[in-house]
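Undergrad: Structure file my_file38.cif (mmCIF, C-alpha atoms) right here:
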data_work
loop_
_atom_site.label_atom_id
_atom_site.label_comp_id
_atom_site.auth_asym_id
_atom_site.auth_seq_id
_atom_site.Cartn_x
_atom_site.Cartn_y
_atom_site.Cartn_z
CA MET V 1440 15.94 -77.71 -109.75
CA PRO V 1441 19.13 -76.55 -111.49
CA HIS V 1442 21.18 -73.72 -110.08
CA LYS V 1443 24.08 -71.76 -111.47
CA ARG V 1444 26.54 -69.86 -109.32
CA LEU V 1445 27.00 -66.27 -110.53
CA ARG V 1446 29.27 -63.97 -108.49
CA GLY V 1447 28.50 -65.67 -105.21
CA ALA V 1448 24.74 -65.83 -105.59
CA TYR V 1449 22.67 -68.82 -106.55
CA VAL V 1450 20.16 -67.79 -109.18
CA VAL V 1451 17.21 -70.15 -109.55
CA LEU V 1452 16.94 -71.11 -113.22
CA ALA V 1453 13.28 -71.99 -113.44
CA ALA V 1454 10.84 -70.27 -115.72
CA GLY V 1455 7.32 -69.49 -114.59
CA ARG V 1456 8.16 -69.25 -110.90
CA GLY V 1457 8.06 -65.46 -110.51
CA PRO V 1458 11.00 -63.08 -110.12
CA VAL V 1459 14.41 -64.69 -110.01
CA LEU V 1460 16.15 -63.46 -106.88
CA PRO V 1461 19.45 -64.47 -105.32
CA VAL V 1462 19.39 -66.62 -102.23
CA MET V 1463 22.21 -64.53 -100.82
CA HIS V 1464 23.84 -61.21 -101.47
CA ARG V 1465 26.98 -59.45 -100.36
CA ARG V 1466 28.17 -55.93 -99.80
CA ILE V 1467 31.59 -54.62 -100.77
CA GLY V 1468 34.12 -55.54 -98.12
CA SER V 1469 32.14 -58.53 -96.85
CA PRO V 1470 33.25 -62.15 -97.23
CA ARG V 1471 32.08 -63.66 -100.50
CA TYR V 1472 32.26 -66.78 -102.56
CA ALA V 1473 34.51 -67.27 -105.58
CA PRO V 1474 35.55 -63.75 -106.57
CA VAL V 1475 34.90 -63.29 -110.28
CA SER V 1476 35.02 -60.55 -112.85
CA THR V 1477 32.11 -59.70 -115.14
CA SER V 1478 32.02 -58.25 -118.63
CA PHE V 1479 28.92 -56.49 -119.93
CA ASP V 1480 29.13 -56.89 -123.69
CA ASN V 1481 27.55 -55.31 -126.76
CA ALA V 1482 25.15 -52.87 -125.06
CA ALA V 1483 23.25 -50.62 -127.44
CA GLN V 1484 23.63 -47.77 -124.94
CA VAL V 1485 25.80 -47.22 -121.87
CA LEU V 1486 24.91 -44.13 -119.82
CA THR V 1487 28.10 -42.37 -118.70
CA PRO V 1488 28.83 -38.90 -117.28
CA PRO V 1489 30.58 -36.13 -119.22
CA GLU V 1490 33.47 -36.11 -116.76
CA PRO V 1491 34.58 -38.18 -113.77
CA ASN V 1492 33.99 -37.56 -110.08
CA LEU V 1493 31.00 -35.25 -110.41
CA PRO V 1494 29.08 -34.87 -107.13
CA TYR V 1495 26.05 -33.80 -109.18
CA LEU V 1496 25.28 -32.42 -112.62
CA ARG V 1497 23.04 -29.40 -113.00
CA THR V 1498 20.15 -30.54 -115.11
CA ASN V 1499 20.74 -27.91 -117.80
CA ARG V 1500 23.89 -29.93 -118.60
CA ALA V 1501 22.06 -33.26 -118.97
CA GLY V 1502 22.60 -33.15 -122.73
CA GLU V 1503 26.28 -33.83 -122.03
CA LEU V 1504 25.50 -37.32 -120.71
CA ARG V 1505 26.62 -40.00 -123.16
CA LEU V 1506 24.51 -42.93 -124.34
CA ASP V 1507 27.06 -44.68 -126.51
CA PRO V 1508 27.19 -48.36 -127.52
CA GLY V 1509 29.78 -50.51 -125.80
CA GLY V 1510 30.35 -52.37 -122.58
CA ILE V 1511 32.15 -52.35 -119.25
CA THR V 1512 34.19 -54.65 -117.03
CA VAL V 1513 33.43 -55.17 -113.36
CA ASP V 1514 36.39 -56.30 -111.27
CA ASP V 1515 36.20 -59.09 -108.73
CA ASP V 1516 35.84 -56.57 -105.89
CA GLY V 1517 32.42 -55.54 -107.20
CA ARG V 1518 33.58 -52.22 -108.58
CA ILE V 1519 33.69 -50.94 -112.13
CA GLY V 1520 37.12 -51.54 -113.61
CA THR V 1521 37.07 -50.18 -117.15
CA LEU V 1522 34.56 -48.77 -119.60
CA GLU V 1523 35.42 -51.56 -122.03
CA PRO V 1524 34.28 -55.18 -122.17
CA THR V 1525 36.85 -57.94 -121.93
CA SER V 1526 37.02 -61.48 -123.26
CA ASN V 1527 38.87 -62.57 -120.11
CA ALA V 1528 36.03 -62.12 -117.61
CA ASP V 1529 34.68 -65.06 -115.62
CA VAL V 1530 31.07 -64.02 -116.27
CA HIS V 1531 29.66 -62.42 -119.41
CA VAL V 1532 26.42 -60.48 -119.71
CA ASP V 1533 25.14 -60.28 -123.27
CA ALA V 1534 23.62 -56.79 -123.42
CA ILE V 1535 22.81 -56.77 -127.11
CA GLY V 1536 19.84 -54.53 -127.80
CA CYS V 1537 19.87 -53.26 -124.20
CA ALA V 1538 20.64 -50.03 -122.39
CA LEU V 1539 23.00 -50.28 -119.42
CA LEU V 1540 22.33 -47.70 -116.71
CA PRO V 1541 23.65 -47.00 -113.23
CA GLY V 1542 21.49 -48.55 -110.55
CA LEU V 1543 18.50 -46.31 -109.88
CA VAL V 1544 18.46 -44.27 -106.67
CA ASP V 1545 15.20 -43.42 -104.91
CA CYS V 1546 16.05 -40.53 -102.60
CA HIS V 1547 12.56 -39.92 -101.17
CA THR V 1548 10.53 -42.79 -99.73
CA HIS V 1549 8.63 -43.28 -96.49
CA LEU V 1550 9.57 -46.91 -95.92
CA PRO V 1551 9.03 -48.67 -93.60
CA PHE V 1552 5.33 -48.10 -92.94
CA ALA V 1553 2.35 -50.22 -91.94
CA GLY V 1554 -0.66 -50.97 -94.10
CA TRP V 1555 -2.29 -48.88 -96.80
CA ARG V 1556 -4.87 -46.08 -97.14
CA ALA V 1557 -6.90 -47.06 -100.19
CA GLN V 1558 -10.12 -45.65 -98.75
CA GLU V 1559 -8.53 -42.22 -98.51
CA TYR V 1560 -7.53 -42.37 -102.15
CA GLU V 1561 -11.12 -43.04 -103.12
CA ALA V 1562 -12.18 -40.05 -101.01
CA LYS V 1563 -9.62 -37.83 -102.72
CA VAL V 1564 -10.58 -38.81 -106.26
CA THR V 1565 -14.22 -38.17 -105.45
CA GLY V 1566 -13.46 -34.64 -104.38
CA VAL V 1567 -12.39 -34.55 -100.72
CA PRO V 1568 -9.23 -32.36 -100.31
CA TYR V 1569 -6.20 -33.90 -98.62
CA GLU V 1570 -6.20 -31.14 -96.02
CA GLU V 1571 -9.76 -32.11 -95.02
CA ILE V 1572 -8.81 -35.79 -94.83
CA ALA V 1573 -5.86 -34.91 -92.62
CA ARG V 1574 -7.89 -32.70 -90.30
CA ALA V 1575 -10.40 -35.54 -89.89
CA GLY V 1576 -7.71 -37.88 -88.56
CA GLY V 1577 -6.69 -39.42 -91.86
CA GLY V 1578 -3.48 -38.91 -93.75
CA ILE V 1579 -0.31 -39.04 -91.69
CA ALA V 1580 -2.20 -39.62 -88.44
CA SER V 1581 -3.84 -42.71 -89.92
CA SER V 1582 -0.47 -44.20 -90.86
CA ALA V 1583 0.85 -43.33 -87.42
CA ARG V 1584 -1.93 -45.31 -85.78
CA ALA V 1585 -1.29 -48.26 -88.09
CA LEU V 1586 2.43 -48.25 -87.32
CA LYS V 1587 1.80 -48.10 -83.57
CA GLU V 1588 -0.61 -51.04 -83.73
CA THR V 1589 1.56 -53.27 -85.97
CA ALA V 1590 4.29 -55.59 -84.70
CA ASP V 1591 7.87 -54.98 -85.77
CA ASP V 1592 8.16 -58.21 -87.75
CA THR V 1593 4.98 -57.46 -89.67
CA VAL V 1594 6.20 -53.96 -90.55
CA LEU V 1595 9.53 -55.35 -91.72
CA THR V 1596 7.95 -58.14 -93.74
CA GLN V 1597 5.84 -55.64 -95.67
CA ALA V 1598 8.80 -53.30 -96.16
CA ALA V 1599 11.04 -56.12 -97.40
CA GLU V 1600 8.41 -57.12 -99.97
CA LEU V 1601 8.20 -53.53 -101.16
CA ALA V 1602 12.00 -53.33 -101.38
CA LYS V 1603 11.90 -56.46 -103.53
CA GLU V 1604 9.39 -54.78 -105.84
CA MET V 1605 11.70 -51.78 -106.06
CA LEU V 1606 14.62 -54.06 -106.95
CA VAL V 1607 12.62 -55.61 -109.78
CA HIS V 1608 12.14 -52.07 -111.11
CA GLY V 1609 15.85 -51.26 -110.93
CA THR V 1610 16.23 -49.48 -107.58
CA THR V 1611 19.57 -50.35 -106.01
CA THR V 1612 19.68 -47.58 -103.38
CA PHE V 1613 16.83 -45.98 -101.48
CA GLU V 1614 16.12 -43.67 -98.57
CA CYS V 1615 13.98 -44.61 -95.57
CA LYS V 1616 12.21 -42.05 -93.37
CA SER V 1617 10.64 -41.95 -89.98
CA GLY V 1618 7.67 -39.63 -89.61
CA TYR V 1619 4.85 -42.00 -88.73
CA GLY V 1620 5.90 -42.37 -85.08
CA LEU V 1621 4.41 -39.09 -83.79
CA SER V 1622 5.97 -39.63 -80.38
CA ARG V 1623 9.51 -39.79 -79.13
CA ASP V 1624 9.43 -43.57 -78.76
CA GLY V 1625 7.52 -43.97 -82.02
CA GLU V 1626 9.99 -41.97 -84.09
CA LEU V 1627 13.00 -43.74 -82.62
CA ARG V 1628 11.29 -47.08 -83.20
CA ALA V 1629 10.70 -46.13 -86.85
CA LEU V 1630 14.38 -45.27 -87.28
CA SER V 1631 15.36 -48.55 -85.64
CA LEU V 1632 13.05 -50.45 -88.00
CA ALA V 1633 14.57 -48.61 -90.96
CA THR V 1634 18.02 -49.66 -89.81
CA ARG V 1635 16.91 -53.28 -89.54
CA LEU V 1636 15.34 -53.08 -92.98
CA GLY V 1637 18.63 -51.84 -94.43
CA ALA V 1638 20.41 -54.87 -93.02
CA ALA V 1639 17.82 -57.25 -94.48
CA VAL V 1640 17.56 -56.12 -98.12
CA PRO V 1641 20.11 -56.28 -100.96
CA GLN V 1642 19.92 -52.53 -101.65
CA GLN V 1643 21.91 -49.86 -99.91
CA THR V 1644 19.67 -47.69 -97.74
CA THR V 1645 19.93 -44.43 -95.85
CA ARG V 1646 17.81 -43.05 -93.03
CA THR V 1647 16.24 -39.62 -92.64
CA ALA V 1648 14.65 -38.52 -89.37
CA LEU V 1649 11.40 -36.87 -90.45
CA LEU V 1650 10.70 -35.78 -86.90
CA ALA V 1651 8.33 -32.94 -87.82
CA HIS V 1652 5.85 -34.63 -90.17
CA ALA V 1653 2.59 -33.86 -88.38
CA ILE V 1654 1.65 -32.32 -85.05
CA PRO V 1655 0.75 -35.07 -82.57
CA ASN V 1656 -2.37 -34.87 -80.46
CA SER V 1657 -1.94 -32.80 -77.27
CA TYR V 1658 0.96 -30.83 -78.78
CA THR V 1659 1.26 -27.52 -80.53
CA ALA V 1660 3.77 -27.12 -83.32
CA ASP V 1661 6.05 -25.23 -80.91
CA SER V 1662 5.83 -27.77 -78.11
CA TRP V 1663 6.40 -30.67 -80.51
CA MET V 1664 9.54 -28.93 -81.80
CA ASP V 1665 10.74 -28.84 -78.18
CA GLU V 1666 10.30 -32.63 -78.14
CA VAL V 1667 12.08 -32.89 -81.49
CA GLU V 1668 15.04 -30.95 -80.16
CA ALA V 1669 15.29 -33.32 -77.21
CA MET V 1670 15.26 -36.44 -79.41
CA VAL V 1671 17.61 -35.28 -82.18
CA PRO V 1672 20.83 -36.51 -80.50
CA GLU V 1673 19.38 -40.00 -80.21
CA ALA V 1674 17.89 -39.89 -83.70
CA ALA V 1675 21.31 -38.89 -85.04
CA GLU V 1676 22.61 -42.32 -84.07
CA TYR V 1677 20.45 -43.73 -86.88
CA ALA V 1678 20.02 -40.92 -89.40
CA THR V 1679 22.11 -38.80 -91.74
CA ALA V 1680 19.49 -36.06 -92.22
CA LEU V 1681 16.61 -34.27 -90.54
CA ASP V 1682 13.36 -33.52 -92.36
CA ILE V 1683 10.26 -31.39 -91.77
CA PHE V 1684 6.89 -30.91 -93.50
CA VAL V 1685 6.31 -27.18 -93.96
CA GLU V 1686 2.65 -26.58 -94.77
CA SER V 1687 -0.46 -24.81 -93.54
CA ILE V 1688 -1.63 -28.03 -91.86
CA ALA V 1689 1.78 -28.82 -90.36
CA PHE V 1690 4.81 -26.66 -89.52
CA GLY V 1691 5.77 -23.09 -90.38
CA LEU V 1692 8.83 -21.13 -91.36
CA ASP V 1693 9.98 -20.59 -87.77
CA HIS V 1694 9.95 -24.35 -87.28
CA LEU V 1695 11.92 -24.88 -90.49
CA ASP V 1696 14.46 -22.36 -89.25
CA ARG V 1697 14.71 -24.23 -85.96
CA MET V 1698 15.10 -27.58 -87.71
CA GLY V 1699 17.90 -26.11 -89.78
CA GLU V 1700 19.69 -25.01 -86.63
CA LEU V 1701 19.24 -28.49 -85.12
CA ALA V 1702 20.63 -30.11 -88.24
CA GLY V 1703 23.69 -27.90 -88.22
CA ALA V 1704 24.31 -28.38 -84.50
CA ASN V 1705 24.13 -32.16 -84.85
CA ASN V 1706 26.14 -32.53 -88.07
CA LEU V 1707 23.11 -33.70 -90.03
CA SER V 1708 21.86 -32.61 -93.43
CA LEU V 1709 18.61 -30.67 -93.66
CA ARG V 1710 15.86 -31.87 -95.98
CA ALA V 1711 12.35 -30.46 -96.17
CA HIS V 1712 8.94 -31.17 -97.66
CA VAL V 1713 7.96 -27.72 -98.91
CA GLU V 1714 5.48 -25.89 -101.12
CA GLN V 1715 3.39 -29.00 -101.78
CA PHE V 1716 -0.04 -27.38 -101.39
CA SER V 1717 0.68 -23.81 -100.29
CA THR V 1718 3.20 -21.15 -101.20
CA MET V 1719 4.87 -20.87 -97.80
CA ARG V 1720 8.09 -19.14 -99.00
CA SER V 1721 10.13 -21.92 -97.44
CA VAL V 1722 12.97 -21.72 -99.95
CA PRO V 1723 14.87 -18.70 -98.57
CA VAL V 1724 14.75 -20.12 -95.04
CA ALA V 1725 15.99 -23.54 -96.15
CA LEU V 1726 18.76 -22.08 -98.30
CA LYS V 1727 20.01 -20.12 -95.29
CA HIS V 1728 20.72 -23.49 -93.69
CA HIS V 1729 22.24 -25.02 -96.86
CA ALA V 1730 19.53 -27.65 -97.11
CA ARG V 1731 20.53 -30.77 -99.04
CA SER V 1732 17.18 -30.93 -100.78
CA LEU V 1733 13.77 -29.32 -100.98
CA ASP V 1734 11.07 -31.79 -101.97
CA HIS V 1735 7.69 -31.32 -103.74
CA LEU V 1736 7.87 -27.64 -104.82
CA SER V 1737 4.54 -27.74 -106.68
CA ALA V 1738 3.62 -24.33 -105.24
CA ILE V 1739 7.07 -22.68 -105.23
CA HIS V 1740 6.97 -18.89 -105.53
CA PRO V 1741 8.41 -17.69 -108.86
CA ASP V 1742 10.85 -15.42 -107.04
CA ASP V 1743 12.38 -18.44 -105.27
CA ILE V 1744 13.19 -20.40 -108.42
CA GLY V 1745 16.34 -18.42 -109.25
CA PRO V 1746 17.95 -18.65 -105.80
CA LEU V 1747 17.21 -22.38 -105.63
CA GLY V 1748 18.66 -22.86 -109.10
CA ASN V 1749 21.84 -21.03 -108.12
CA SER V 1750 22.32 -23.10 -104.97
CA GLN V 1751 23.68 -26.56 -104.21
CA THR V 1752 20.30 -27.57 -102.79
CA ALA V 1753 18.60 -30.20 -104.93
CA ALA V 1754 15.02 -29.76 -106.14
CA VAL V 1755 13.35 -33.14 -105.61
CA LEU V 1756 10.16 -33.40 -107.66
CA LEU V 1757 7.56 -36.03 -106.89
CA PRO V 1758 5.31 -36.54 -109.92
CA GLY V 1759 3.68 -39.63 -108.42
CA ALA V 1760 2.22 -37.58 -105.57
CA GLU V 1761 1.21 -34.83 -107.99
CA PHE V 1762 -0.54 -37.31 -110.27
CA MET V 1763 -2.24 -39.34 -107.53
CA GLY V 1764 -3.36 -36.22 -105.68
CA ALA V 1765 -4.25 -34.07 -108.70
CA GLU V 1766 -1.78 -31.50 -107.36
CA ALA V 1767 -0.24 -28.57 -109.16
CA THR V 1768 2.68 -29.43 -111.43
CA ALA V 1769 6.08 -28.34 -110.18
CA PRO V 1770 7.81 -25.86 -112.54
CA ALA V 1771 10.54 -28.25 -113.61
CA ARG V 1772 11.54 -26.45 -116.81
CA GLU V 1773 11.85 -23.14 -115.01
CA LEU V 1774 14.00 -24.79 -112.34
CA ILE V 1775 16.19 -26.40 -114.99
CA ASP V 1776 16.59 -23.13 -116.85
CA ALA V 1777 17.63 -21.52 -113.55
CA GLY V 1778 20.40 -24.10 -113.15
CA ALA V 1779 18.81 -26.33 -110.51
CA ILE V 1780 19.92 -29.83 -109.55
CA VAL V 1781 16.62 -31.53 -110.41
CA VAL V 1782 15.79 -34.95 -108.97
CA LEU V 1783 12.86 -37.34 -109.33
CA ALA V 1784 11.71 -39.78 -106.64
CA THR V 1785 8.73 -41.99 -105.88
CA ASP V 1786 7.68 -40.49 -102.51
CA ALA V 1787 6.61 -44.10 -101.81
CA ASN V 1788 4.09 -43.94 -98.98
CA PRO V 1789 0.73 -45.52 -98.13
CA GLY V 1790 -1.33 -42.40 -98.73
CA THR V 1791 -0.35 -39.83 -101.31
CA SER V 1792 2.01 -41.87 -103.53
CA PRO V 1793 1.80 -45.67 -103.18
CA VAL V 1794 4.27 -45.94 -106.07
CA LEU V 1795 7.51 -47.95 -105.99
CA SER V 1796 8.66 -47.93 -109.63
CA LEU V 1797 11.24 -45.37 -110.67
CA PRO V 1798 10.73 -46.22 -114.38
CA LEU V 1799 7.09 -45.19 -113.91
CA ILE V 1800 8.22 -41.99 -112.17
CA VAL V 1801 10.55 -41.30 -115.11
CA GLY V 1802 7.58 -41.67 -117.46
CA LEU V 1803 5.43 -39.36 -115.38
CA GLY V 1804 8.25 -36.84 -115.10
CA VAL V 1805 8.87 -36.79 -118.83
CA ARG V 1806 5.16 -36.28 -119.56
CA ARG V 1807 4.32 -33.78 -116.77
CA TYR V 1808 7.52 -31.73 -116.88
CA GLY V 1809 8.62 -32.09 -120.50
CA LEU V 1810 11.93 -33.68 -119.54
CA SER V 1811 14.26 -35.26 -122.06
CA THR V 1812 15.41 -38.84 -121.58
CA ARG V 1813 18.80 -37.68 -120.34
CA GLU V 1814 17.28 -35.16 -117.93
CA ALA V 1815 15.00 -37.81 -116.45
CA LEU V 1816 17.71 -40.46 -116.13
CA LEU V 1817 20.07 -37.97 -114.50
CA ALA V 1818 17.31 -37.23 -111.99
CA VAL V 1819 17.12 -40.85 -110.76
CA THR V 1820 20.85 -41.64 -110.83
CA LEU V 1821 23.66 -39.18 -110.08
CA ASN V 1822 21.54 -36.31 -108.77
CA ALA V 1823 19.48 -38.62 -106.58
CA ALA V 1824 22.68 -40.13 -105.18
CA TYR V 1825 23.87 -36.59 -104.41
CA VAL V 1826 20.80 -35.98 -102.25
CA LEU V 1827 21.72 -39.05 -100.17
CA GLU V 1828 25.41 -38.02 -100.04
CA LEU V 1829 26.38 -41.17 -101.94
CA SER V 1830 27.42 -39.81 -105.33
CA SER V 1831 31.08 -40.67 -104.75
CA GLU V 1832 30.01 -44.32 -104.51
CA VAL V 1833 27.02 -44.82 -106.82
CA GLY V 1834 24.94 -42.96 -109.41
CA THR V 1835 27.20 -43.13 -112.47
CA ILE V 1836 29.03 -45.74 -114.50
CA GLU V 1837 32.69 -44.88 -114.05
CA PRO V 1838 35.82 -46.71 -112.88
CA GLY V 1839 36.09 -47.19 -109.14
CA LYS V 1840 32.41 -46.87 -108.33
CA ARG V 1841 30.35 -49.74 -107.00
CA ALA V 1842 28.90 -51.72 -109.88
CA ASP V 1843 25.23 -51.13 -109.15
CA LEU V 1844 23.74 -51.49 -112.62
CA VAL V 1845 20.43 -51.86 -114.42
CA LEU V 1846 20.09 -53.69 -117.71
CA LEU V 1847 17.05 -52.54 -119.68
CA ASP V 1848 15.36 -54.67 -122.32
CA CYS V 1849 15.12 -51.64 -124.62
CA PRO V 1850 16.76 -48.34 -125.53
CA SER V 1851 16.61 -45.76 -122.76
CA GLU V 1852 14.09 -43.63 -124.65
CA HIS V 1853 11.52 -46.40 -124.22
CA VAL V 1854 11.46 -46.05 -120.41
CA ALA V 1855 9.15 -43.03 -120.57
CA TYR V 1856 7.56 -43.87 -123.91
CA ARG V 1857 6.24 -47.30 -122.85
CA LEU V 1858 4.56 -45.95 -119.75
CA GLY V 1859 3.70 -48.72 -117.29
CA HIS V 1860 6.03 -51.30 -118.85
CA ASN V 1861 8.81 -52.47 -116.57
CA PRO V 1862 11.89 -52.34 -118.81
CA VAL V 1863 14.29 -53.93 -116.29
CA ALA V 1864 15.75 -57.20 -117.55
CA ALA V 1865 18.26 -57.49 -114.70
CA THR V 1866 19.47 -55.55 -111.67
CA PHE V 1867 23.03 -55.89 -110.36
CA ILE V 1868 24.36 -54.83 -106.98
CA ALA V 1869 28.14 -54.66 -106.58
CA GLY V 1870 28.35 -56.54 -109.87
CA GLU V 1871 26.21 -59.46 -108.74
CA PRO V 1872 22.79 -60.30 -110.17
CA ALA V 1873 20.24 -59.30 -107.55
CA TYR V 1874 17.29 -59.78 -109.90
CA VAL V 1875 17.12 -61.44 -113.31
CA ARG V 1876 13.87 -61.61 -115.22
CA PRO V 1877 13.23 -65.18 -116.39
CA ASP V 1878 13.30 -64.28 -120.08
CA ALA V 1879 16.70 -62.59 -119.60
CA GLN V 1880 18.51 -65.46 -117.89
CA TRP V 1881 20.14 -66.54 -121.13
CA ARG V 1882 22.09 -63.28 -121.17
CA ILE V 1883 24.28 -64.27 -118.21
CA THR V 1884 26.86 -66.98 -118.80
CA GLN V 1885 29.89 -68.18 -116.90
CA ARG V 1886 33.14 -69.34 -118.45
#
Please go through the file and, once you have read it, give me the structure as structure tokens.
TA:
Amino acid sequence: MPHKRLRGAYVVLAAGRGPVLPVMHRRIGSPRYAPVSTSFDNAAQVLTPPEPNLPYLRTNRAGELRLDPGGITVDDDGRIGTLEPTSNADVHVDAIGCALLPGLVDCHTHLPFAGWRAQEYEAKVTGVPYEEIARAGGGIASSARALKETADDTVLTQAAELAKEMLVHGTTTFECKSGYGLSRDGELRALSLATRLGAAVPQQTTRTALLAHAIPNSYTADSWMDEVEAMVPEAAEYATALDIFVESIAFGLDHLDRMGELAGANNLSLRAHVEQFSTMRSVPVALKHHARSLDHLSAIHPDDIGPLGNSQTAAVLLPGAEFMGAEATAPARELIDAGAIVVLATDANPGTSPVLSLPLIVGLGVRRYGLSTREALLAVTLNAAYVLELSSEVGTIEPGKRADLVLLDCPSEHVAYRLGHNPVAATFIAGEPAYVRPDAQWRITQR
């Protein structure tokens, strides 16, 4: 079987054998084979920011993003060198007819988890409310039991396969969460598994300690928060953020306030699942603690939209969960008009959003929220990287950033328009091909 070395990775050149994935990958700063430069040539569109070094871009400025024809050069250190192609590169990527985007960033997932909950989905679509499913021992508690009963290697094997699926759909960075442990040992195990997953997959990952996801049996919300407080220092060895589910069936505003204090005391960011089913008025409490993001927001109170829009707290909208659960639609346009940093994510989890494709989420977001192409792409690139505190490294195509890139087989407007089609022809991490669709292999040539 023929092979061709491209930037240190052997890409199997065999049609009809499924996704083409590298046998090895590298991260910036690690030893690598044969340093080479790469030129991306003749792209129909290259998505670039209106100015350099933006930590985020408020979504009401998305129209300033450029989608101009051209190309870029990636230096042999895996970083973007110039926003021009070059004839002197070692490797050339023929991007004719394609859009070149920054690698997609999924800032809200629940990987790693164990198993699936298809039966619950059937119950929901036939009329059983999620709250009723949860109170009957389904929902989060069901996934917690599955995680407890599943061996580490089995959990990681499933998670690695899901990460591969995400890669095929253009995701080069994603967040992992705990939250299915529901005990001190279980939550720390979940964070340890997330760390191991990050070392095993080509993508860059981060870890969020979702220590207050559901109230474990034999605890009250208050007593479980005592347990959370005790485990935060150890969880902080793995995680960069704390998270909490604020809802009528979970935790309240006092617990959110306490989680914010714990985050500040332990030098961690605060994130929160809020206003998914009920209008809890979580936003003012979270803003007091300078939360990095508030996620869901389907039931946000109208009076809280303005303060959130004026803040540096991102509004992470999860249209997959809304669609799968027939939930209310988050007021995206109102948030944008208020100046919010709007983000889209998959919420990939085994119950409420078993979705891994950010292109699909873009399509759902455009349809449900009335987003423009630029608004939707901003929401899964720079602004998503901001949520994970990685926007100085990834999220835009600009010199000096890591060359995490997605080559689409179409103009960017087709991502939402051709709903369900995977437009990703190739995914690059640090300039190397991490996935190349068989019918796109001809685009990559080496001098």
Undergrad: Contacts between region 1816-1833 of chain V and region 1599-1659 of chain V, please, where a residue of region 1599-1659 of chain V counts if it comes within 12 Å (with only C-alpha atoms); show its shortest atom pair and distance in Å to one decimal, rows by chain and ascending number, as a Markdown table.
TA:
| residue | atom | partner | partner_atom | distance |
| --- | --- | --- | --- | --- |
| V:Gly1609 | CA | V:Val1819 | CA | 10.5 |
| V:Thr1610 | CA | V:Val1819 | CA | 9.2 |
| V:Thr1611 | CA | V:Val1833 | CA | 9.3 |
| V:Thr1612 | CA | V:Ala1824 | CA | 8.2 |
| V:Phe1613 | CA | V:Leu1827 | CA | 8.6 |
| V:Glu1614 | CA | V:Leu1827 | CA | 7.4 |
| V:Cys1615 | CA | V:Leu1827 | CA | 10.6 |
| V:Gln1642 | CA | V:Val1833 | CA | 11.7 |
| V:Gln1643 | CA | V:Val1833 | CA | 10.0 |
| V:Thr1644 | CA | V:Leu1827 | CA | 9.2 |
| V:Thr1645 | CA | V:Leu1827 | CA | 7.1 |
| V:Arg1646 | CA | V:Leu1827 | CA | 9.1 |
| V:Thr1647 | CA | V:Leu1827 | CA | 9.3 |
Undergrad: Point out the residue among V:Ile1868, V:Ile1688, V:Cys1849, V:Val1607 with the least atom-to-atom distance to Ala1575 (chain V), counting all atoms listed in the file.
TA: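 Nearest to Ala1575 (chain V): V:Ile1688.
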Undergrad: So that I can see what lies close to region 1592-1606 of chain V, please list as a list in words the residues with an atom at most 8 Å from it, counting only C-alpha atoms and leaving out residues fewer than 6 positions away in the same chain.
TA: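 After dropping sequence-adjacent residues, the list is Leu1550, Pro1551, Phe1552, Ala1553, Leu1586, Leu1632, Arg1635, Leu1636, Ala1639, Val1640, Gln1642, Leu1795, Ser1796, Leu1797, Thr1866, Ala1873 and Tyr1874 of chain V.
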Undergrad: With all atoms listed in the file as the counted atoms, please give the residues lying no more than 10 Å from Asp1848 (chain V), apart from itself and same-chain residues fewer than 4 positions off, as an mmCIF file with C-alpha atoms, in the coordinates of the input.
TA:
data_model
loop_
_atom_site.group_PDB
_atom_site.id
_atom_site.type_symbol
_atom_site.label_atom_id
_atom_site.label_comp_id
_atom_site.auth_asym_id
_atom_site.auth_seq_id
_atom_site.Cartn_x
_atom_site.Cartn_y
_atom_site.Cartn_z
ATOM 1 C CA ALA V 1534 23.620 -56.790 -123.420
ATOM 2 C CA ILE V 1535 22.810 -56.770 -127.110
ATOM 3 C CA GLY V 1536 19.840 -54.530 -127.800
ATOM 4 C CA CYS V 1537 19.870 -53.260 -124.200
ATOM 5 C CA ALA V 1538 20.640 -50.030 -122.390
ATOM 6 C CA LEU V 1539 23.000 -50.280 -119.420
ATOM 7 C CA HIS V 1853 11.520 -46.400 -124.220
ATOM 8 C CA VAL V 1854 11.460 -46.050 -120.410
ATOM 9 C CA ASN V 1861 8.810 -52.470 -116.570
ATOM 10 C CA PRO V 1862 11.890 -52.340 -118.810
ATOM 11 C CA VAL V 1863 14.290 -53.930 -116.290
ATOM 12 C CA ALA V 1864 15.750 -57.200 -117.550
ATOM 13 C CA ALA V 1865 18.260 -57.490 -114.700
ATOM 14 C CA ALA V 1879 16.700 -62.590 -119.600
#
Undergrad: Which is closer to His1694 (chain V) than all the others in V:Ile1744, V:Ala1660, V:Leu1630, V:Ile1883, using only C-alpha atoms?
TA: V:Ala1660
Undergrad: Convert the output of the PyMOL selection byres ((chain V and resi 1709) around 6) on the shown file into explicit residues, formatted as a list in words.
TA: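 Written out, the selection comes to Ala1680, Leu1681, Ala1702, Ser1708, Arg1710, Ala1730 and Arg1731 of chain V.
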Undergrad: Quick one: everything within 12 Å of Glu1626 (chain V), counting only C-alpha atoms, minus sequence neighbours fewer than 2 positions away in the same chain. Send it as a ChimeraX atom specification.
TA: /V:1551-1552,1583,1586-1587,1616-1624,1628-1633,1646-1653,1655,1666-1667,1670-1671,1673-1675,1677-1678
Undergrad: Which of these, V:Thr1477, V:Ser1732, V:Thr1679, V:Thr1512, has the shortest distance to Ala1784 (chain V) once you count all atoms listed in the file?
TA: V:Ser1732
